[in-house]
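Peer 1: For reference, this is target.txt, and it has compact mmCIF, C-alpha atoms.
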# COMPACT_ATOMS: atom_id res chain seq x y z
CA MET O 1 279.25 -1.79 -28.29
CA ASN O 2 275.59 -0.85 -27.83
CA GLN O 3 275.25 1.94 -25.31
CA TYR O 4 271.47 1.55 -25.27
CA ASP O 5 268.84 -1.03 -26.04
CA ALA O 6 266.71 1.64 -27.75
CA LEU O 7 267.26 5.18 -28.97
CA ILE O 8 263.89 6.89 -29.47
CA VAL O 9 263.90 9.98 -31.69
CA GLY O 10 261.03 12.16 -30.49
CA GLY O 11 259.60 12.48 -26.99
CA ARG O 12 255.98 13.44 -27.58
CA ALA O 13 253.01 11.11 -26.97
CA ALA O 14 254.30 8.30 -29.20
CA GLY O 15 257.91 8.41 -28.06
CA GLY O 16 257.11 9.14 -24.42
CA SER O 17 254.62 6.29 -24.05
CA LEU O 18 256.97 3.84 -25.78
CA ALA O 19 259.91 4.94 -23.60
CA LEU O 20 257.79 4.42 -20.49
CA LEU O 21 256.77 0.91 -21.52
CA LEU O 22 260.30 -0.14 -22.51
CA ALA O 23 261.82 1.33 -19.34
CA ARG O 24 259.34 -0.66 -17.29
CA GLN O 25 260.62 -3.77 -19.04
CA GLY O 26 264.05 -2.90 -17.68
CA ARG O 27 265.47 -1.78 -21.04
CA ASN O 28 268.19 0.85 -21.33
CA VAL O 29 266.41 3.66 -23.21
CA LEU O 30 267.50 7.10 -24.43
CA VAL O 31 264.98 9.60 -25.81
CA ALA O 32 266.16 12.63 -27.80
CA ASP O 33 263.84 15.47 -28.83
CA ARG O 34 264.77 18.67 -30.63
CA ASP O 35 262.12 20.71 -28.75
CA GLU O 36 262.45 22.15 -25.29
CA PHE O 37 260.18 20.48 -22.74
CA PRO O 38 257.61 21.33 -21.53
CA SER O 39 256.17 22.85 -24.72
CA ASP O 40 253.08 22.65 -26.90
CA THR O 41 252.81 21.09 -30.33
CA MET O 42 250.13 20.98 -33.03
CA SER O 43 247.41 18.54 -32.03
CA THR O 44 243.70 17.82 -31.99
CA HIS O 45 244.08 17.24 -28.22
CA PHE O 46 241.07 14.90 -28.13
CA MET O 47 241.28 11.53 -26.38
CA ASN O 48 238.14 9.37 -26.45
CA LEU O 49 237.17 6.93 -23.71
CA ALA O 50 239.40 4.18 -25.18
CA ALA O 51 242.38 6.55 -25.25
CA VAL O 52 241.64 7.58 -21.68
CA GLY O 53 241.70 3.88 -20.81
CA SER O 54 245.17 3.68 -22.38
CA LEU O 55 246.37 6.55 -20.18
CA LYS O 56 245.09 4.61 -17.19
CA ARG O 57 246.97 1.48 -18.31
CA LEU O 58 250.12 3.59 -18.56
CA GLY O 59 249.57 4.86 -15.02
CA VAL O 60 249.53 8.55 -15.99
CA LEU O 61 245.81 9.38 -15.97
CA GLU O 62 245.69 10.75 -12.43
CA ASP O 63 248.51 13.19 -13.18
CA ILE O 64 246.61 14.50 -16.23
CA LEU O 65 243.46 14.98 -14.17
CA ALA O 66 245.45 16.60 -11.37
CA ALA O 67 246.53 19.27 -13.88
CA GLY O 68 242.89 20.37 -14.02
CA PHE O 69 241.63 18.89 -17.28
CA ARG O 70 237.90 18.33 -17.19
CA ARG O 71 236.21 14.97 -17.63
CA VAL O 72 234.25 15.36 -20.88
CA THR O 73 230.96 13.58 -20.25
CA ARG O 74 228.81 14.77 -23.18
CA HIS O 75 229.27 14.80 -26.96
CA ARG O 76 227.19 17.17 -29.10
CA SER O 77 226.92 17.28 -32.91
CA TRP O 78 225.38 20.15 -34.87
CA VAL O 79 224.13 19.77 -38.46
CA GLY O 80 223.40 23.35 -39.38
CA ASP O 81 221.42 24.53 -36.36
CA CYS O 82 219.98 21.08 -35.59
CA CYS O 83 221.58 19.40 -32.60
CA PHE O 84 222.22 15.77 -31.60
CA GLU O 85 223.55 15.12 -28.10
CA GLY O 86 224.49 12.08 -26.02
CA PRO O 87 226.83 10.77 -23.35
CA ALA O 88 230.56 10.59 -24.04
CA GLY O 89 230.53 6.99 -22.84
CA PRO O 90 228.91 4.57 -20.40
CA PRO O 91 228.43 5.76 -16.79
CA GLY O 92 231.76 6.47 -15.11
CA THR O 93 233.69 6.89 -18.37
CA PHE O 94 234.73 10.13 -20.03
CA SER O 95 236.83 11.73 -22.76
CA LEU O 96 239.70 14.17 -22.22
CA CYS O 97 241.21 17.09 -24.13
CA PRO O 98 244.62 17.71 -22.51
CA ARG O 99 247.11 20.35 -23.62
CA ARG O 100 250.17 18.70 -25.10
CA VAL O 101 252.45 20.81 -22.93
CA VAL O 102 251.07 18.76 -20.03
CA LEU O 103 250.37 15.36 -21.63
CA ASP O 104 253.77 14.95 -23.28
CA SER O 105 255.66 16.11 -20.18
CA VAL O 106 253.72 13.78 -17.89
CA LEU O 107 254.48 10.80 -20.13
CA MET O 108 258.16 11.70 -20.28
CA ASP O 109 258.38 12.34 -16.54
CA HIS O 110 256.98 8.87 -15.88
CA ALA O 111 259.40 7.37 -18.41
CA VAL O 112 262.36 9.01 -16.66
CA ARG O 113 261.15 7.82 -13.27
CA ALA O 114 260.95 4.31 -14.76
CA GLY O 115 264.61 4.53 -15.80
CA ALA O 116 264.67 6.10 -19.28
CA GLN O 117 267.10 8.90 -20.09
CA PHE O 118 265.77 12.03 -21.79
CA GLU O 119 267.64 14.76 -23.64
CA HIS O 120 265.54 17.65 -24.92
CA ARG O 121 266.87 20.40 -27.22
CA THR O 122 268.84 17.60 -28.86
CA ARG O 123 268.65 17.07 -32.60
CA VAL O 124 269.41 13.84 -34.46
CA GLU O 125 271.72 14.80 -37.33
CA GLY O 126 271.94 11.42 -39.03
CA LEU O 127 271.99 7.66 -38.58
CA ILE O 128 274.97 5.35 -38.12
CA LYS O 129 274.91 2.34 -40.46
CA ASP O 130 276.75 -0.93 -40.81
CA GLY O 131 275.78 -1.98 -44.31
CA GLU O 132 271.97 -1.92 -44.39
CA ARG O 133 271.63 -2.11 -40.62
CA ILE O 134 271.07 0.97 -38.44
CA GLU O 135 273.34 0.89 -35.40
CA GLY O 136 272.83 4.32 -33.86
CA ALA O 137 272.66 8.04 -34.55
CA VAL O 138 274.61 11.27 -34.37
CA LEU O 139 273.14 13.68 -31.79
CA GLN O 140 273.72 17.41 -31.50
CA THR O 141 272.65 19.46 -28.50
CA ALA O 142 271.46 23.06 -28.67
CA GLY O 143 274.90 24.03 -27.37
CA GLY O 144 276.57 22.48 -30.39
CA GLU O 145 277.99 19.31 -28.82
CA ARG O 146 277.98 16.36 -31.23
CA ARG O 147 278.37 12.72 -30.32
CA GLU O 148 277.62 9.27 -31.65
CA VAL O 149 275.14 7.05 -29.81
CA ARG O 150 274.91 3.32 -30.46
CA ALA O 151 271.72 1.34 -29.87
CA ARG O 152 270.32 -2.08 -30.70
CA ILE O 153 267.38 -0.28 -32.34
CA VAL O 154 266.67 3.31 -33.37
CA ILE O 155 262.98 4.23 -33.26
CA GLY O 156 261.53 7.15 -35.20
CA ALA O 157 258.82 8.82 -33.13
CA ASP O 158 259.54 12.15 -34.80
CA GLY O 159 256.17 12.88 -36.38
CA ARG O 160 254.81 13.30 -39.88
CA SER O 161 258.02 14.90 -41.19
CA SER O 162 260.09 12.08 -39.71
CA LYS O 163 263.78 12.31 -40.58
CA VAL O 164 264.24 8.72 -39.43
CA ALA O 165 261.63 7.54 -41.94
CA GLU O 166 263.31 9.61 -44.65
CA TRP O 167 266.82 8.35 -43.88
CA VAL O 168 265.82 4.67 -43.86
CA GLY O 169 263.61 5.05 -46.94
CA ALA O 170 260.47 3.74 -45.25
CA GLU O 171 257.99 2.76 -47.95
CA GLU O 172 254.60 4.55 -47.96
CA TYR O 173 251.41 2.75 -48.98
CA ASP O 174 247.65 3.41 -49.08
CA ALA O 175 248.62 7.08 -49.19
CA VAL O 176 246.04 9.83 -49.85
CA PRO O 177 247.04 13.51 -50.24
CA ALA O 178 245.80 16.07 -47.73
CA LEU O 179 242.03 16.59 -47.87
CA ARG O 180 241.28 19.71 -45.80
CA PRO O 181 243.12 22.74 -44.40
CA ALA O 182 242.72 23.15 -40.64
CA TYR O 183 243.21 26.00 -38.16
CA TYR O 184 242.79 26.17 -34.40
CA GLY O 185 243.35 28.34 -31.35
CA TYR O 186 243.07 28.33 -27.56
CA PHE O 187 240.36 30.48 -26.01
CA HIS O 188 239.58 31.58 -22.47
CA GLY O 189 236.20 32.74 -21.19
CA ILE O 190 233.83 30.95 -23.60
CA GLU O 191 230.43 30.48 -21.98
CA PRO O 192 230.52 26.81 -20.87
CA ARG O 193 227.92 24.07 -21.18
CA PRO O 194 226.45 22.69 -17.90
CA GLU O 195 228.69 19.62 -18.40
CA ALA O 196 232.02 19.54 -20.19
CA THR O 197 230.89 18.76 -23.76
CA LEU O 198 232.82 17.99 -26.92
CA GLU O 199 231.04 19.79 -29.76
CA LEU O 200 231.24 19.10 -33.51
CA MET O 201 229.56 21.56 -35.86
CA PHE O 202 228.87 20.67 -39.49
CA GLY O 203 227.67 23.18 -42.07
CA GLY O 204 228.89 25.02 -45.14
CA ASP O 205 231.21 22.10 -45.96
CA GLN O 206 233.36 22.80 -42.93
CA ILE O 207 233.79 21.00 -39.62
CA ALA O 208 234.28 22.96 -36.40
CA PHE O 209 235.30 21.41 -33.08
CA LEU O 210 235.14 22.70 -29.53
CA PHE O 211 237.44 20.78 -27.18
CA PRO O 212 236.87 21.52 -23.45
CA MET O 213 240.19 21.62 -21.65
CA ARG O 214 240.61 23.12 -18.19
CA GLU O 215 238.03 25.33 -16.47
CA GLY O 216 237.57 28.41 -18.64
CA GLU O 217 239.94 27.06 -21.33
CA ASP O 218 238.85 25.56 -24.66
CA CYS O 219 240.42 24.73 -27.99
CA ILE O 220 238.42 25.50 -31.13
CA ALA O 221 239.41 24.06 -34.51
CA ILE O 222 237.93 24.52 -37.98
CA GLU O 223 238.54 22.24 -40.99
CA MET O 224 237.47 23.68 -44.32
CA GLN O 225 237.62 22.81 -48.00
CA PRO O 226 240.80 23.38 -50.05
CA GLU O 227 239.09 26.14 -52.05
CA ASP O 228 238.65 28.13 -48.80
CA PHE O 229 242.36 28.15 -48.03
CA GLU O 230 243.07 31.46 -49.80
CA GLU O 231 240.57 33.22 -47.54
CA PHE O 232 242.53 32.06 -44.49
CA ARG O 233 245.94 32.52 -46.06
CA SER O 234 245.60 36.30 -46.39
CA ASP O 235 244.36 36.97 -42.84
CA HIS O 236 243.70 33.70 -41.02
CA ALA O 237 242.96 35.34 -37.65
CA ALA O 238 240.14 37.48 -39.07
CA ALA O 239 238.80 34.65 -41.23
CA PHE O 240 238.80 32.26 -38.27
CA ASP O 241 237.00 34.76 -36.02
CA SER O 242 234.39 35.46 -38.68
CA ARG O 243 233.60 31.77 -39.16
CA LEU O 244 233.71 31.04 -35.46
CA ARG O 245 231.09 33.63 -34.55
CA ARG O 246 228.70 32.25 -37.20
CA LEU O 247 228.69 28.80 -35.59
CA PRO O 248 225.58 27.75 -33.59
CA GLU O 249 225.40 29.64 -30.28
CA MET O 250 229.00 30.82 -30.56
CA GLY O 251 228.18 34.48 -31.23
CA ARG O 252 226.68 34.62 -27.73
CA ARG O 253 229.10 32.26 -26.01
CA MET O 254 232.16 34.16 -27.33
CA LYS O 255 230.98 37.47 -25.86
CA ASN O 256 233.56 37.50 -23.03
CA ALA O 257 236.14 35.21 -24.63
CA HIS O 258 239.69 36.03 -25.70
CA LEU O 259 242.29 34.22 -27.76
CA GLU O 260 245.47 32.92 -26.14
CA GLY O 261 248.44 33.46 -28.44
CA LYS O 262 247.69 33.15 -32.14
CA ILE O 263 245.64 31.05 -34.55
CA MET O 264 247.67 28.11 -35.89
CA GLY O 265 247.04 25.92 -38.89
CA VAL O 266 248.17 23.84 -41.84
CA LYS O 267 247.19 23.60 -45.49
CA GLY O 268 246.43 19.93 -44.91
CA ILE O 269 247.62 16.67 -43.37
CA ASP O 270 248.72 13.87 -45.69
CA ASN O 271 247.32 10.40 -45.04
CA TYR O 272 249.57 7.33 -45.21
CA PHE O 273 250.90 4.12 -43.76
CA ARG O 274 254.66 3.56 -43.73
CA ARG O 275 256.47 0.28 -43.38
CA PRO O 276 257.23 0.45 -39.65
CA TYR O 277 260.46 -1.53 -39.34
CA GLY O 278 263.68 -2.63 -40.99
CA PRO O 279 267.20 -3.71 -39.98
CA GLY O 280 267.88 -1.92 -36.70
CA TRP O 281 265.00 0.59 -36.95
CA ALA O 282 261.29 1.01 -36.30
CA LEU O 283 258.66 3.75 -36.60
CA THR O 284 255.81 4.68 -34.30
CA GLY O 285 253.20 7.43 -33.97
CA ASP O 286 252.76 9.82 -36.92
CA ALA O 287 256.13 8.72 -38.30
CA GLY O 288 254.60 5.34 -39.13
CA TYR O 289 250.91 6.06 -39.73
CA LEU O 290 248.94 9.29 -40.13
CA LYS O 291 245.45 10.34 -41.13
CA ASP O 292 243.36 13.52 -41.21
CA PRO O 293 242.70 14.85 -37.70
CA SER O 294 238.93 15.13 -38.26
CA THR O 295 238.10 12.03 -36.18
CA GLY O 296 240.39 13.07 -33.33
CA SER O 297 241.94 9.65 -32.81
CA GLY O 298 245.61 10.39 -33.48
CA ILE O 299 246.89 10.54 -29.89
CA GLY O 300 245.02 7.40 -28.89
CA ASP O 301 246.34 5.59 -31.96
CA ALA O 302 249.91 6.61 -31.13
CA VAL O 303 249.62 5.23 -27.60
CA ASP O 304 247.98 2.01 -28.85
CA VAL O 305 250.82 1.44 -31.31
CA SER O 306 253.30 2.01 -28.46
CA PHE O 307 251.75 -0.90 -26.58
CA MET O 308 252.01 -3.10 -29.70
CA LEU O 309 255.59 -2.08 -30.48
CA ALA O 310 256.79 -2.37 -26.88
CA LYS O 311 255.45 -5.92 -26.75
CA ALA O 312 257.17 -6.87 -30.03
CA LEU O 313 260.47 -5.27 -29.05
CA GLY O 314 260.33 -6.91 -25.63
CA GLU O 315 260.04 -10.32 -27.28
CA TRP O 316 262.94 -9.49 -29.60
CA PHE O 317 265.14 -8.19 -26.77
CA ASP O 318 264.45 -11.48 -24.97
CA GLY O 319 265.65 -13.57 -27.92
CA ALA O 320 262.84 -13.86 -30.48
CA ASP O 321 263.80 -13.66 -34.16
CA TRP O 322 263.63 -10.13 -35.57
CA GLU O 323 261.79 -10.64 -38.86
CA PRO O 324 258.81 -12.76 -37.74
CA THR O 325 258.39 -10.72 -34.56
CA MET O 326 258.33 -7.35 -36.31
CA SER O 327 256.32 -8.68 -39.24
CA ALA O 328 253.63 -9.74 -36.76
CA PHE O 329 253.71 -6.25 -35.20
CA HIS O 330 253.34 -4.69 -38.66
CA GLN O 331 250.38 -6.91 -39.49
CA LYS O 332 248.63 -6.26 -36.20
CA ARG O 333 249.11 -2.49 -36.44
CA ASP O 334 247.51 -2.41 -39.87
CA GLU O 335 244.67 -4.75 -38.92
CA VAL O 336 243.78 -2.53 -35.96
CA MET O 337 244.29 0.85 -37.63
CA LYS O 338 243.04 0.38 -41.21
CA PRO O 339 239.29 0.37 -40.45
CA MET O 340 239.55 3.74 -38.67
CA TYR O 341 241.84 5.03 -41.43
CA ALA O 342 239.23 4.22 -44.08
CA GLY O 343 236.45 5.62 -41.90
CA THR O 344 238.35 8.86 -41.34
CA LEU O 345 238.95 9.37 -45.06
CA ALA O 346 235.25 8.79 -45.80
CA PHE O 347 234.21 11.15 -42.98
CA THR O 348 236.60 13.89 -44.11
CA ARG O 349 235.52 13.68 -47.75
CA MET O 350 231.83 13.94 -46.87
CA ARG O 351 230.12 17.12 -48.05
CA ASP O 352 227.31 18.75 -46.10
CA VAL O 353 223.65 18.61 -47.06
CA GLY O 354 222.10 21.41 -49.06
CA PRO O 355 219.42 23.92 -47.94
CA ALA O 356 216.51 21.65 -48.91
CA GLU O 357 217.88 18.71 -46.91
CA GLU O 358 218.67 20.94 -43.95
CA ALA O 359 215.10 22.27 -44.04
CA LEU O 360 213.88 18.66 -43.87
CA LEU O 361 216.02 18.07 -40.79
CA LYS O 362 214.50 21.11 -39.11
CA ALA O 363 211.01 19.84 -39.89
CA ILE O 364 211.87 16.52 -38.26
CA PHE O 365 213.44 18.11 -35.20
CA MET O 366 210.45 20.34 -34.49
CA SER O 367 208.37 17.22 -33.77
CA PRO O 368 209.48 15.18 -30.71
CA GLY O 369 207.20 12.32 -31.74
CA THR O 370 208.79 12.15 -35.19
CA ILE O 371 212.27 12.13 -33.66
CA ARG O 372 211.29 9.27 -31.36
CA GLY O 373 209.88 7.23 -34.22
CA LEU O 374 212.93 7.95 -36.37
CA ALA O 375 215.29 6.85 -33.56
CA TYR O 376 213.48 3.53 -33.09
CA SER O 377 213.31 2.80 -36.82
CA MET O 378 217.01 3.66 -37.16
CA LEU O 379 217.90 0.91 -34.69
CA ALA O 380 216.34 -1.70 -36.95
CA SER O 381 218.21 -0.29 -39.96
CA LEU O 382 221.68 -0.10 -38.40
CA PRO O 383 223.14 -3.12 -40.28
CA THR O 384 222.50 -1.34 -43.60
CA LEU O 385 223.50 2.14 -42.38
CA LEU O 386 226.91 1.29 -40.89
CA SER O 387 230.02 -0.32 -42.32
CA PRO O 388 231.02 -3.66 -40.74
CA ALA O 389 233.81 -1.94 -38.76
CA GLU O 390 231.48 0.81 -37.51
CA ALA O 391 228.76 -1.71 -36.69
CA GLY O 392 231.19 -3.84 -34.69
CA ARG O 393 232.51 -0.87 -32.74
CA THR O 394 228.98 0.40 -32.07
CA GLN O 395 227.84 -3.01 -30.81
CA PHE O 396 230.87 -3.24 -28.50
CA ILE O 397 230.17 0.17 -26.95
CA SER O 398 226.45 -0.57 -26.67
CA LYS O 399 227.25 -3.59 -24.50
CA MET O 400 229.18 -1.28 -22.17
CA PHE O 401 226.13 0.97 -21.88
CA ALA O 402 223.88 -2.04 -21.30
CA ALA O 403 226.08 -3.57 -18.59
CA PRO O 404 225.13 -1.12 -15.78
CA ALA O 405 221.42 -1.59 -16.58
CA GLU O 406 221.80 -5.38 -16.44
CA ALA O 407 223.68 -5.13 -13.14
CA THR O 408 220.83 -3.04 -11.70
CA LYS O 409 218.29 -5.67 -12.70
CA SER O 410 220.24 -8.42 -10.94
Can the structure from this file be put into structure tokens for me?
Peer 2:
Amino acid sequence: MNQYDALIVGGRAAGGSLALLLARQGRNVLVADRDEFPSDTMSTHFMNLAAVGSLKRLGVLEDILAAGFRRVTRHRSWVGDCCFEGPAGPPGTFSLCPRRVVLDSVLMDHAVRAGAQFEHRTRVEGLIKDGERIEGAVLQTAGGERREVRARIVIGADGRSSKVAEWVGAEEYDAVPALRPAYYGYFHGIEPRPEATLELMFGGDQIAFLFPMREGEDCIAIEMQPEDFEEFRSDHAAAFDSRLRRLPEMGRRMKNAHLEGKIMGVKGIDNYFRRPYGPGWALTGDAGYLKDPSTGSGIGDAVDVSFMLAKALGEWFDGADWEPTMSAFHQKRDEVMKPMYAGTLAFTRMRDVGPAEEALLKAIFMSPGTIRGLAYSMLASLPTLLSPAEAGRTQFISKMFAAPAEATKS
């Protein structure tokens, strides 16, 4: 007998959002996570305006804001010491950079209130099979208790090193090995911008990010080239601090700052799609699809896939045939995610301009009239400068910016 409609392995953003959606459908859901909650996990933390919209659809946005996370209303990009800046979105919209210790717990708290069951500090030791079909899993608590759990479907939301994906032999495709090592840390006391501003800093073939979190709390991340990894490997705290203080304005802004905990990092993040379903199982979040964190869209993608998967599973629970329903989910996931996947790989592979090109940028930026002329001429050239996917996304967002102006005219 099936004890549950769904057993979700992993209770972070992907598993928590899916559990919340399925519980609201009235499904009997159990979530098991090996970590203790609340707790942090490695993350870019960034959620753009679309991802913030997804949090609102889930009904959890107000709880995230109540925890003190600032509305990020400006985005700033540095190329060397030349700066581009603009709004984070149309008027009234914003980005967020929540700590995962808060985000994941809020999602799971809402899922439990909706009727899901949650067991943290509980490890999945293996899957239960009937032939090729997955029928449940063996759980073990931190106290050593083992038991079998049966479910109509077992869902791997257990991240990039997913045991569920390994056990079911989920096929990988369009895979690209890791491109850049990345390190990050949490800092308190960095001199703030007048508005909460996401900052990206390009130069020396590295990418640095400043993610504004709560008042006086920021996350700073640096992605570098593989050949720089040895420098960080020997003493990553000193190497990180040295690079950080050479970033534009950061020598001054770090004057009264201090690091919380330690610098964390990885040699690189592999990029892949995995087949996201099979007999009695499915994958979501990083277990099913992962790309380099440089574009900061991972959390938003995980939540978006939860909406897609919850819809497909709801149809199946209500009597739809398994194969066509899940095949349609698979196709939709890839159609939605592949353009950003390709864009992220291209962005991450991009090398920075040399000294001569950077000098040209400085010459342009010293003349406001030249900048104005360049901006206007760039608008006419957009179709040739952007890929079709980027052009479509840019046009969509531009209509959002234009809407308030049109409303004012009327």
Peer 1: Could you check which of O:Thr348, O:Thr122, O:Gln331, O:Ser17 is closest to Gly285 (chain O), using all atoms listed in the file?
Peer 2: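 Ranked by minimum distance to Gly285 (chain O), first place goes to O:Ser17.
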Peer 1: I'd like the interatomic distance between CA of Gly319 (chain O) and CA of Ala151 (chain O), to a tenth of an Å.
Peer 2: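 That distance, rounded to one decimal, is 16.2 Å.
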Peer 1: Rounded to one decimal, what separation in Å do you get between CA of Tyr376 (chain O) and CA of Val72 (chain O)?
Peer 2: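 Distance between the two atoms: 26.8 Å.
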Peer 1: Taking all atoms listed in the file into account, which of O:Asp174, O:Glu148, O:Glu36, O:Asp228 comes nearest Ala342 (chain O)?
Peer 2: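 Once distances to Ala342 (chain O) are computed over all atoms listed in the file, the minimum belongs to O:Asp174.
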Peer 1: For each of O:Lys163, O:Arg246, O:Arg24, O:His330, take the minimum atom-to-atom distance to Gly80 (chain O), counting all atoms listed in the file, then give the residue where this is smallest.
Peer 2: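 Looking only at the distances to Gly80 (chain O), the closest residue turns out to be O:Arg246.
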Peer 1: For Asp104 (chain O), list every protein, DNA or RNA residue within 12 Å, evaluated using all atoms listed in the file, and leave out those in the same chain fewer than 4 positions away; present the list as a short mmCIF file (atom, residue, chain, number, x, y, z; two decimals) with C-alpha atoms, keeping the file's coordinate frame.
Peer 2:
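See selection25.cif below for the written result:
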data_model
loop_
_atom_site.label_atom_id
_atom_site.label_comp_id
_atom_site.auth_asym_id
_atom_site.auth_seq_id
_atom_site.Cartn_x
_atom_site.Cartn_y
_atom_site.Cartn_z
CA GLY O 10 261.03 12.16 -30.49
CA GLY O 11 259.60 12.48 -26.99
CA ARG O 12 255.98 13.44 -27.58
CA ALA O 13 253.01 11.11 -26.97
CA ALA O 14 254.30 8.30 -29.20
CA GLY O 15 257.91 8.41 -28.06
CA GLY O 16 257.11 9.14 -24.42
CA SER O 17 254.62 6.29 -24.05
CA LEU O 18 256.97 3.84 -25.78
CA ALA O 19 259.91 4.94 -23.60
CA LEU O 20 257.79 4.42 -20.49
CA ASP O 33 263.84 15.47 -28.83
CA ASP O 35 262.12 20.71 -28.75
CA GLU O 36 262.45 22.15 -25.29
CA PHE O 37 260.18 20.48 -22.74
CA PRO O 38 257.61 21.33 -21.53
CA SER O 39 256.17 22.85 -24.72
CA ASP O 40 253.08 22.65 -26.90
CA THR O 41 252.81 21.09 -30.33
CA SER O 43 247.41 18.54 -32.03
CA HIS O 45 244.08 17.24 -28.22
CA LEU O 55 246.37 6.55 -20.18
CA VAL O 60 249.53 8.55 -15.99
CA ASP O 63 248.51 13.19 -13.18
CA ILE O 64 246.61 14.50 -16.23
CA PRO O 98 244.62 17.71 -22.51
CA ARG O 99 247.11 20.35 -23.62
CA ARG O 100 250.17 18.70 -25.10
CA MET O 108 258.16 11.70 -20.28
CA ASP O 109 258.38 12.34 -16.54
CA HIS O 110 256.98 8.87 -15.88
CA ALA O 111 259.40 7.37 -18.41
CA ILE O 299 246.89 10.54 -29.89
CA VAL O 303 249.62 5.23 -27.60
#
Peer 1: Just checking: using only C-alpha atoms, which residue out of O:Glu132, O:Asp158, O:Asp304, O:Glu191 ends up closest to Met47 (chain O)?
Peer 2: O:Asp304
Peer 1: Once you count only C-alpha atoms, what closest atom pair and distance in Å to one decimal does each residue of region 291-379 of chain O within 12 Å of region 84-92 of chain O have, with rows by chain and rising residue number, as a tab-separated table?
Peer 2:
residue	atom	partner	partner_atom	distance
O:Leu361	CA	O:Phe84	CA	11.3
O:Phe365	CA	O:Phe84	CA	9.8
O:Ile371	CA	O:Phe84	CA	10.8
O:Ala375	CA	O:Phe84	CA	11.5
Peer 1: Report as an MDAnalysis selection string all protein, DNA and RNA residues lying within 9 Å of Thr284 (chain O), evaluated on all atoms listed in the file, omitting residues in the same chain fewer than 5 positions from it.
Peer 2: chainID O and resid 14:15 18 155:159 276 289 302 305:306 309
Peer 1: Rank O:Lys56, O:Arg351, O:Arg113, O:Arg147 by their smallest atom-to-atom distance to Gly204 (chain O), using only C-alpha atoms, and report the top residue only.
Peer 2: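 Smallest distance to Gly204 (chain O) is found for O:Arg351.
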Peer 1: Would you compute the distance between CA of Gly169 (chain O) and CA of Glu323 (chain O)? Give it in Å to one decimal.
Peer 2: 17.7 Å
Peer 1: Which one of O:Glu335, O:Asp301, O:Glu357, O:Glu195 sits closest to Asn48 (chain O) if you count all atoms listed in the file?
Peer 2: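 Residue with the minimum atom-to-atom distance to Asn48 (chain O): O:Asp301.
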